[in-house]
Amino acid sequence: MGGAAHALALADLIMAAHLPVRLHLLIASAENCVSGNALRPGDIIKSRSGITVEIDNTDAEGRLVLSDAFTKAGEADPELMIDFATLTGAARVALGPDLPAMFANDDALANGIFEAGKEAGDPNWRLPLWDDYADMLASDVADTANSGGNFAGSVTAALFLKKFVPANTRWVHFDTYAWRPTAKPGRPKGGEALGLRAVFGYLAKNYPAR
């Protein structure tokens with residue numbers, strides 16, 4: 001819900017500012033409840049891209065929905081893909097509630113968003129897309145597993161998503177908390193935008209309204 005709210009809010013800001021971009025908004029949502037066809041450990045599913053995924057952690061379900069949304073977005077050959085997701089507890093453990101974890105496959109993109117975050121008072125922190133950890137997602141029965149285990153959980157989640165990003169598309173992924181657990185001046189307890197103003201600031205600078 002937090003990631004979807006961020007994506008919707010960013011789209012609203014882009015349209016209100018009349019930024020000269022061709023915007024394609026996808027909300028990767030699903031009913032999260034037990035049913036007769038719920039995923040079970042050991043199941044193998046086929047993604048929209050054709051990549052098969054072994055389910056070794058049924059709590060790592062959000063990335064499965066996101067992966068198909070990534071594939072759908074990639075079919076339009078985008079210049080830039082941005083996603084927000086309340087994806088892992090590991091990102092909260094690493095950076096706490098105030099700093100959303102940012103992953104990007106392009107250094108200039110990551111640096112631009114980091115600087116825009118400083119200007120907007122919306123800090124973020126880049127974590128590595130460390131390819132050496134890709135073997136944590138290895139599966140004996142499918143192209144990939146959906147979870148990398150206990151180590152570097154936010155990194156392996158981002159590496160899983162990276163498999164579904166088009167090769168020539170710049171991409172930034174925010175593993176954001178989207179929640180403020182305690183009130184601060186001007187920031188009440190509850191839902192919070194973390195990374196939203198940074199991304200919009202970057203877009204407004206690089207795609208200025210005419």
# chains A, B, ... in the order shown; residues from 1 in each chain; ligands from 1
$ select_by_dssp --residues "segment 11-200 of chain A" --states "strand (DSSP E or B)" --output "MDAnalysis selection string"
chainID A and resid 44:46 52:54 80:85 101:104 125:126 144:145 170:175 179:180 184 187 190:191
$ residues_around --residues "Val165 of chain A" --least-positions-apart "3" --cutoff "9 Å" --atoms "only C-alpha atoms" --output "NGL selection string"
:A and (67 or 70-71 or 73-74 or 81 or 161-162 or 168-171)
$ write_last_selection --atoms "all heavy atoms" --output "mmCIF file, in the first residue's frame"
data_model
loop_
_atom_site.group_PDB
_atom_site.id
_atom_site.type_symbol
_atom_site.label_atom_id
_atom_site.label_comp_id
_atom_site.auth_asym_id
_atom_site.auth_seq_id
_atom_site.Cartn_x
_atom_site.Cartn_y
_atom_site.Cartn_z
ATOM 1 N N SER A 67 7.444 -8.104 -10.365
ATOM 2 C CA SER A 67 8.205 -8.601 -11.513
ATOM 3 C C SER A 67 7.368 -8.598 -12.784
ATOM 4 O O SER A 67 7.858 -8.234 -13.864
ATOM 5 C CB SER A 67 8.750 -10.004 -11.227
ATOM 6 O OG SER A 67 7.699 -10.962 -11.142
ATOM 7 N N PHE A 70 7.029 -5.026 -13.921
ATOM 8 C CA PHE A 70 8.258 -4.605 -14.583
ATOM 9 C C PHE A 70 8.278 -5.080 -16.031
ATOM 10 O O PHE A 70 8.650 -4.329 -16.939
ATOM 11 C CB PHE A 70 9.471 -5.185 -13.857
ATOM 12 C CG PHE A 70 9.899 -4.423 -12.636
ATOM 13 C CD1 PHE A 70 9.007 -3.660 -11.908
ATOM 14 C CD2 PHE A 70 11.208 -4.488 -12.201
ATOM 15 C CE1 PHE A 70 9.405 -2.969 -10.781
ATOM 16 C CE2 PHE A 70 11.625 -3.799 -11.084
ATOM 17 C CZ PHE A 70 10.728 -3.043 -10.363
ATOM 18 N N THR A 71 7.906 -6.331 -16.233
ATOM 19 C CA THR A 71 7.904 -6.874 -17.591
ATOM 20 C C THR A 71 6.910 -6.122 -18.469
ATOM 21 O O THR A 71 7.206 -5.777 -19.614
ATOM 22 C CB THR A 71 7.559 -8.372 -17.566
ATOM 23 O OG1 THR A 71 8.531 -9.057 -16.754
ATOM 24 C CG2 THR A 71 7.576 -8.963 -18.967
ATOM 25 N N ALA A 73 5.876 -3.034 -18.041
ATOM 26 C CA ALA A 73 6.424 -1.700 -18.288
ATOM 27 C C ALA A 73 7.521 -1.758 -19.348
ATOM 28 O O ALA A 73 7.621 -0.874 -20.208
ATOM 29 C CB ALA A 73 6.968 -1.112 -16.992
ATOM 30 N N GLY A 74 8.343 -2.797 -19.300
ATOM 31 C CA GLY A 74 9.447 -2.921 -20.238
ATOM 32 C C GLY A 74 9.017 -3.127 -21.672
ATOM 33 O O GLY A 74 9.794 -2.856 -22.602
ATOM 34 N N MET A 81 12.715 3.669 -15.538
ATOM 35 C CA MET A 81 11.728 2.981 -14.706
ATOM 36 C C MET A 81 12.000 3.331 -13.250
ATOM 37 O O MET A 81 13.147 3.298 -12.801
ATOM 38 C CB MET A 81 11.802 1.460 -14.897
ATOM 39 C CG MET A 81 11.158 0.962 -16.173
ATOM 40 S SD MET A 81 11.357 -0.835 -16.435
ATOM 41 C CE MET A 81 10.738 -1.499 -14.892
ATOM 42 N N LEU A 161 14.411 -8.287 -8.576
ATOM 43 C CA LEU A 161 13.682 -7.368 -9.444
ATOM 44 C C LEU A 161 14.495 -6.993 -10.675
ATOM 45 O O LEU A 161 13.945 -6.831 -11.775
ATOM 46 C CB LEU A 161 13.305 -6.108 -8.665
ATOM 47 C CG LEU A 161 12.298 -6.287 -7.526
ATOM 48 C CD1 LEU A 161 12.096 -4.961 -6.796
ATOM 49 C CD2 LEU A 161 10.971 -6.813 -8.045
ATOM 50 N N LYS A 162 15.802 -6.859 -10.504
ATOM 51 C CA LYS A 162 16.678 -6.471 -11.611
ATOM 52 C C LYS A 162 16.566 -7.439 -12.789
ATOM 53 O O LYS A 162 16.746 -7.051 -13.945
ATOM 54 C CB LYS A 162 18.121 -6.407 -11.117
ATOM 55 C CG LYS A 162 19.122 -5.937 -12.152
ATOM 56 C CD LYS A 162 20.554 -5.982 -11.588
ATOM 57 C CE LYS A 162 21.574 -5.634 -12.655
ATOM 58 N NZ LYS A 162 22.971 -5.788 -12.147
ATOM 59 N N ASN A 168 18.603 -2.079 -21.388
ATOM 60 C CA ASN A 168 19.048 -0.720 -21.700
ATOM 61 C C ASN A 168 18.218 0.362 -21.024
ATOM 62 O O ASN A 168 18.268 1.526 -21.429
ATOM 63 C CB ASN A 168 19.029 -0.511 -23.217
ATOM 64 C CG ASN A 168 19.989 -1.438 -23.935
ATOM 65 O OD1 ASN A 168 21.111 -1.646 -23.486
ATOM 66 N ND2 ASN A 168 19.542 -2.000 -25.057
ATOM 67 N N THR A 169 17.479 -0.014 -19.997
ATOM 68 C CA THR A 169 16.616 0.947 -19.299
ATOM 69 C C THR A 169 17.232 1.349 -17.969
ATOM 70 O O THR A 169 17.647 0.491 -17.185
ATOM 71 C CB THR A 169 15.220 0.334 -19.052
ATOM 72 O OG1 THR A 169 14.588 0.073 -20.301
ATOM 73 C CG2 THR A 169 14.345 1.272 -18.239
ATOM 74 N N ARG A 170 17.314 2.656 -17.727
ATOM 75 C CA ARG A 170 17.749 3.129 -16.412
ATOM 76 C C ARG A 170 16.633 2.840 -15.407
ATOM 77 O O ARG A 170 15.455 3.020 -15.699
ATOM 78 C CB ARG A 170 18.059 4.622 -16.452
ATOM 79 C CG ARG A 170 19.256 4.978 -17.321
ATOM 80 C CD ARG A 170 19.561 6.460 -17.227
ATOM 81 N NE ARG A 170 18.402 7.261 -17.599
ATOM 82 C CZ ARG A 170 18.104 8.444 -17.064
ATOM 83 N NH1 ARG A 170 18.858 8.954 -16.112
ATOM 84 N NH2 ARG A 170 17.044 9.112 -17.473
ATOM 85 N N TRP A 171 17.040 2.420 -14.223
ATOM 86 C CA TRP A 171 16.055 1.959 -13.246
ATOM 87 C C TRP A 171 16.484 2.357 -11.844
ATOM 88 O O TRP A 171 17.663 2.266 -11.496
ATOM 89 C CB TRP A 171 15.924 0.443 -13.343
ATOM 90 C CG TRP A 171 15.232 -0.245 -12.201
ATOM 91 C CD1 TRP A 171 13.944 -0.049 -11.776
ATOM 92 C CD2 TRP A 171 15.791 -1.258 -11.349
ATOM 93 N NE1 TRP A 171 13.675 -0.880 -10.709
ATOM 94 C CE2 TRP A 171 14.786 -1.624 -10.435
ATOM 95 C CE3 TRP A 171 17.035 -1.880 -11.280
ATOM 96 C CZ2 TRP A 171 14.989 -2.586 -9.460
ATOM 97 C CZ3 TRP A 171 17.246 -2.841 -10.303
ATOM 98 C CH2 TRP A 171 16.231 -3.195 -9.405
#
$ closest_residue --among "A:Ile14, A:Ile51, A:Leu8, A:Leu66" --to "Asp143 of chain A" --atoms "only C-alpha atoms"
A:Ile51
$ closest_residue --among "A:Ala4, A:Cys33, A:Leu95, A:Ala9" --to "Arg197 of chain A" --atoms "only C-alpha atoms"
A:Ala9
$ closest_atom_pairs --of "segment 45-130 of chain A" --to "segment 172-194 of chain A" --cutoff "12 Å" --atoms "only C-alpha atoms" --output "Markdown table"
| residue | atom | partner | partner_atom | distance |
| --- | --- | --- | --- | --- |
| A:Gly62 | CA | A:Asp175 | CA | 11.6 |
| A:Arg63 | CA | A:Asp175 | CA | 11.1 |
| A:Leu66 | CA | A:His173 | CA | 11.1 |
| A:Phe70 | CA | A:His173 | CA | 11.2 |
| A:Glu79 | CA | A:Val172 | CA | 11.7 |
| A:Leu80 | CA | A:Val172 | CA | 8.2 |
| A:Met81 | CA | A:Val172 | CA | 6.5 |
| A:Ile82 | CA | A:Val172 | CA | 5.1 |
| A:Asp83 | CA | A:His173 | CA | 5.0 |
| A:Phe84 | CA | A:Phe174 | CA | 4.8 |
| A:Ala85 | CA | A:Asp175 | CA | 5.2 |
| A:Thr86 | CA | A:Thr176 | CA | 5.1 |
| A:Leu87 | CA | A:Asp175 | CA | 5.6 |
| A:Thr88 | CA | A:Asp175 | CA | 6.9 |
| A:Gly89 | CA | A:Tyr177 | CA | 8.6 |
| A:Ala90 | CA | A:Asp175 | CA | 9.4 |
| A:Ala91 | CA | A:Asp175 | CA | 6.7 |
| A:Arg92 | CA | A:Tyr177 | CA | 7.0 |
| A:Val93 | CA | A:Tyr177 | CA | 10.8 |
| A:Ala94 | CA | A:Asp175 | CA | 11.3 |
| A:Leu95 | CA | A:Tyr177 | CA | 10.1 |
| A:Gly96 | CA | A:Tyr177 | CA | 8.7 |
| A:Pro97 | CA | A:Tyr177 | CA | 6.3 |
| A:Asp98 | CA | A:Leu194 | CA | 7.4 |
| A:Leu99 | CA | A:Leu194 | CA | 7.3 |
| A:Pro100 | CA | A:Thr176 | CA | 4.6 |
| A:Ala101 | CA | A:Asp175 | CA | 5.1 |
| A:Met102 | CA | A:Phe174 | CA | 4.7 |
| A:Phe103 | CA | A:His173 | CA | 5.1 |
| A:Ala104 | CA | A:Val172 | CA | 4.3 |
| A:Asn105 | CA | A:Val172 | CA | 6.8 |
| A:Asp106 | CA | A:Val172 | CA | 8.1 |
| A:Asp107 | CA | A:Val172 | CA | 10.1 |
| A:Ala108 | CA | A:Val172 | CA | 11.0 |
| A:Leu109 | CA | A:Val172 | CA | 7.7 |
| A:Ala110 | CA | A:Val172 | CA | 7.3 |
| A:Asn111 | CA | A:Val172 | CA | 11.0 |
| A:Gly112 | CA | A:Val172 | CA | 11.2 |
| A:Ile113 | CA | A:Val172 | CA | 9.2 |
| A:Phe114 | CA | A:Val172 | CA | 11.4 |
| A:Gly117 | CA | A:Leu194 | CA | 9.6 |
| A:Ala120 | CA | A:Leu194 | CA | 11.2 |
| A:Gly121 | CA | A:Leu194 | CA | 10.1 |
| A:Asp122 | CA | A:Leu194 | CA | 6.6 |
| A:Pro123 | CA | A:Leu194 | CA | 7.8 |
| A:Asn124 | CA | A:Leu194 | CA | 7.8 |
| A:Trp125 | CA | A:Phe174 | CA | 9.6 |
| A:Arg126 | CA | A:Phe174 | CA | 9.2 |
| A:Leu127 | CA | A:Phe174 | CA | 10.0 |
| A:Pro128 | CA | A:His173 | CA | 11.2 |
| A:Leu129 | CA | A:His173 | CA | 10.3 |
$ write_last_selection --atoms "N, CA and C atoms" --output "compact mmCIF listing (two decimals), in the first residue's frame"
# COMPACT_ATOMS: atom_id res chain seq x y z
N GLY A 62 5.44 -9.97 -2.65
CA GLY A 62 5.28 -8.69 -3.33
C GLY A 62 6.15 -8.57 -4.56
N ARG A 63 7.35 -9.10 -4.50
CA ARG A 63 8.27 -9.00 -5.63
C ARG A 63 7.78 -9.82 -6.83
N LEU A 66 5.42 -7.44 -8.53
CA LEU A 66 6.24 -6.39 -9.12
C LEU A 66 6.96 -6.87 -10.38
N PHE A 70 7.03 -5.03 -13.92
CA PHE A 70 8.26 -4.61 -14.58
C PHE A 70 8.28 -5.08 -16.03
N GLU A 79 12.57 4.81 -21.21
CA GLU A 79 13.87 5.42 -20.95
C GLU A 79 14.26 5.27 -19.49
N LEU A 80 13.26 5.31 -18.60
CA LEU A 80 13.50 5.29 -17.16
C LEU A 80 12.36 4.55 -16.47
N MET A 81 12.71 3.67 -15.54
CA MET A 81 11.73 2.98 -14.71
C MET A 81 12.00 3.33 -13.25
N ILE A 82 10.93 3.67 -12.52
CA ILE A 82 11.02 4.01 -11.10
C ILE A 82 10.00 3.17 -10.36
N ASP A 83 10.44 2.51 -9.29
CA ASP A 83 9.45 1.80 -8.48
C ASP A 83 9.65 2.12 -7.01
N PHE A 84 8.54 2.11 -6.30
CA PHE A 84 8.52 2.24 -4.85
C PHE A 84 7.84 0.99 -4.30
N ALA A 85 8.42 0.42 -3.26
CA ALA A 85 7.81 -0.77 -2.66
C ALA A 85 8.18 -0.85 -1.19
N THR A 86 7.22 -1.20 -0.36
CA THR A 86 7.51 -1.53 1.04
C THR A 86 7.89 -3.01 1.04
N LEU A 87 9.13 -3.27 0.59
CA LEU A 87 9.46 -4.63 0.17
C LEU A 87 10.07 -5.49 1.26
N THR A 88 11.06 -4.97 2.00
CA THR A 88 11.76 -5.85 2.94
C THR A 88 11.93 -5.20 4.31
N GLY A 89 11.86 -6.04 5.32
CA GLY A 89 12.23 -5.60 6.66
C GLY A 89 13.73 -5.37 6.77
N ALA A 90 14.50 -6.03 5.91
CA ALA A 90 15.96 -5.89 5.95
C ALA A 90 16.39 -4.46 5.68
N ALA A 91 15.68 -3.74 4.82
CA ALA A 91 16.01 -2.34 4.57
C ALA A 91 15.79 -1.50 5.81
N ARG A 92 14.74 -1.81 6.59
CA ARG A 92 14.49 -1.07 7.82
C ARG A 92 15.57 -1.36 8.85
N VAL A 93 15.99 -2.61 8.93
CA VAL A 93 17.04 -2.99 9.87
C VAL A 93 18.33 -2.26 9.53
N ALA A 94 18.63 -2.15 8.23
CA ALA A 94 19.88 -1.52 7.80
C ALA A 94 19.87 -0.02 7.99
N LEU A 95 18.76 0.64 7.68
CA LEU A 95 18.74 2.10 7.60
C LEU A 95 17.73 2.77 8.53
N GLY A 96 16.91 2.01 9.23
CA GLY A 96 15.95 2.61 10.13
C GLY A 96 14.74 3.19 9.41
N PRO A 97 13.87 3.89 10.14
CA PRO A 97 12.59 4.33 9.56
C PRO A 97 12.66 5.59 8.72
N ASP A 98 13.75 6.37 8.81
CA ASP A 98 13.79 7.67 8.14
C ASP A 98 14.46 7.65 6.77
N LEU A 99 15.30 6.67 6.51
CA LEU A 99 16.07 6.63 5.26
C LEU A 99 15.58 5.48 4.38
N PRO A 100 14.93 5.77 3.27
CA PRO A 100 14.57 4.70 2.35
C PRO A 100 15.81 4.19 1.61
N ALA A 101 15.87 2.90 1.41
CA ALA A 101 16.97 2.30 0.66
C ALA A 101 16.74 2.52 -0.83
N MET A 102 17.76 3.02 -1.52
CA MET A 102 17.68 3.26 -2.96
C MET A 102 18.65 2.32 -3.66
N PHE A 103 18.19 1.68 -4.72
CA PHE A 103 19.02 0.86 -5.59
C PHE A 103 18.87 1.39 -7.00
N ALA A 104 19.96 1.46 -7.74
CA ALA A 104 19.90 1.98 -9.11
C ALA A 104 20.95 1.29 -9.97
N ASN A 105 20.64 1.14 -11.24
CA ASN A 105 21.59 0.53 -12.17
C ASN A 105 22.37 1.58 -12.96
N ASP A 106 22.29 2.84 -12.53
CA ASP A 106 22.96 3.94 -13.22
C ASP A 106 23.46 4.93 -12.17
N ASP A 107 24.77 5.18 -12.17
CA ASP A 107 25.36 6.02 -11.14
C ASP A 107 24.86 7.46 -11.22
N ALA A 108 24.76 8.01 -12.44
CA ALA A 108 24.30 9.39 -12.58
C ALA A 108 22.88 9.55 -12.07
N LEU A 109 22.04 8.58 -12.34
CA LEU A 109 20.66 8.59 -11.85
C LEU A 109 20.63 8.57 -10.33
N ALA A 110 21.40 7.66 -9.73
CA ALA A 110 21.42 7.54 -8.27
C ALA A 110 21.96 8.82 -7.63
N ASN A 111 23.04 9.36 -8.18
CA ASN A 111 23.61 10.58 -7.62
C ASN A 111 22.65 11.76 -7.75
N GLY A 112 21.95 11.84 -8.88
CA GLY A 112 21.00 12.92 -9.08
C GLY A 112 19.86 12.87 -8.09
N ILE A 113 19.33 11.68 -7.82
CA ILE A 113 18.24 11.55 -6.87
C ILE A 113 18.72 11.81 -5.45
N PHE A 114 19.94 11.37 -5.14
CA PHE A 114 20.50 11.63 -3.82
C PHE A 114 20.62 13.13 -3.57
N GLY A 117 17.30 14.76 -3.15
CA GLY A 117 16.78 14.47 -1.82
C GLY A 117 17.35 15.42 -0.78
N ALA A 120 15.60 18.75 -1.14
CA ALA A 120 14.19 18.74 -0.76
C ALA A 120 13.97 18.35 0.69
N GLY A 121 15.04 18.07 1.43
CA GLY A 121 14.87 17.59 2.79
C GLY A 121 14.22 16.22 2.85
N ASP A 122 14.51 15.41 1.83
CA ASP A 122 13.92 14.07 1.71
C ASP A 122 15.06 13.08 1.48
N PRO A 123 15.84 12.78 2.52
CA PRO A 123 17.06 12.01 2.34
C PRO A 123 16.79 10.56 1.95
N ASN A 124 17.76 9.98 1.27
CA ASN A 124 17.72 8.57 0.92
C ASN A 124 19.16 8.07 0.94
N TRP A 125 19.32 6.76 0.90
CA TRP A 125 20.67 6.20 0.94
C TRP A 125 20.77 5.04 -0.05
N ARG A 126 21.81 5.11 -0.89
CA ARG A 126 21.98 4.08 -1.91
C ARG A 126 22.62 2.82 -1.31
N LEU A 127 22.02 1.68 -1.58
CA LEU A 127 22.60 0.38 -1.25
C LEU A 127 23.02 -0.30 -2.55
N PRO A 128 23.95 -1.23 -2.49
CA PRO A 128 24.53 -1.77 -3.72
C PRO A 128 23.69 -2.87 -4.36
N LEU A 129 23.64 -2.84 -5.68
CA LEU A 129 23.16 -3.99 -6.46
C LEU A 129 24.36 -4.91 -6.64
$ closest_residue --among "A:Ser49, A:Met136, A:Gly3, A:Asp131" --to "Glu75 of chain A" --atoms "only C-alpha atoms"
A:Ser49
$ closest_residue --among "A:Ala38, A:Ala167, A:Ile27, A:Ala16" --to "Met1 of chain A" --atoms "only C-alpha atoms"
A:Ile27
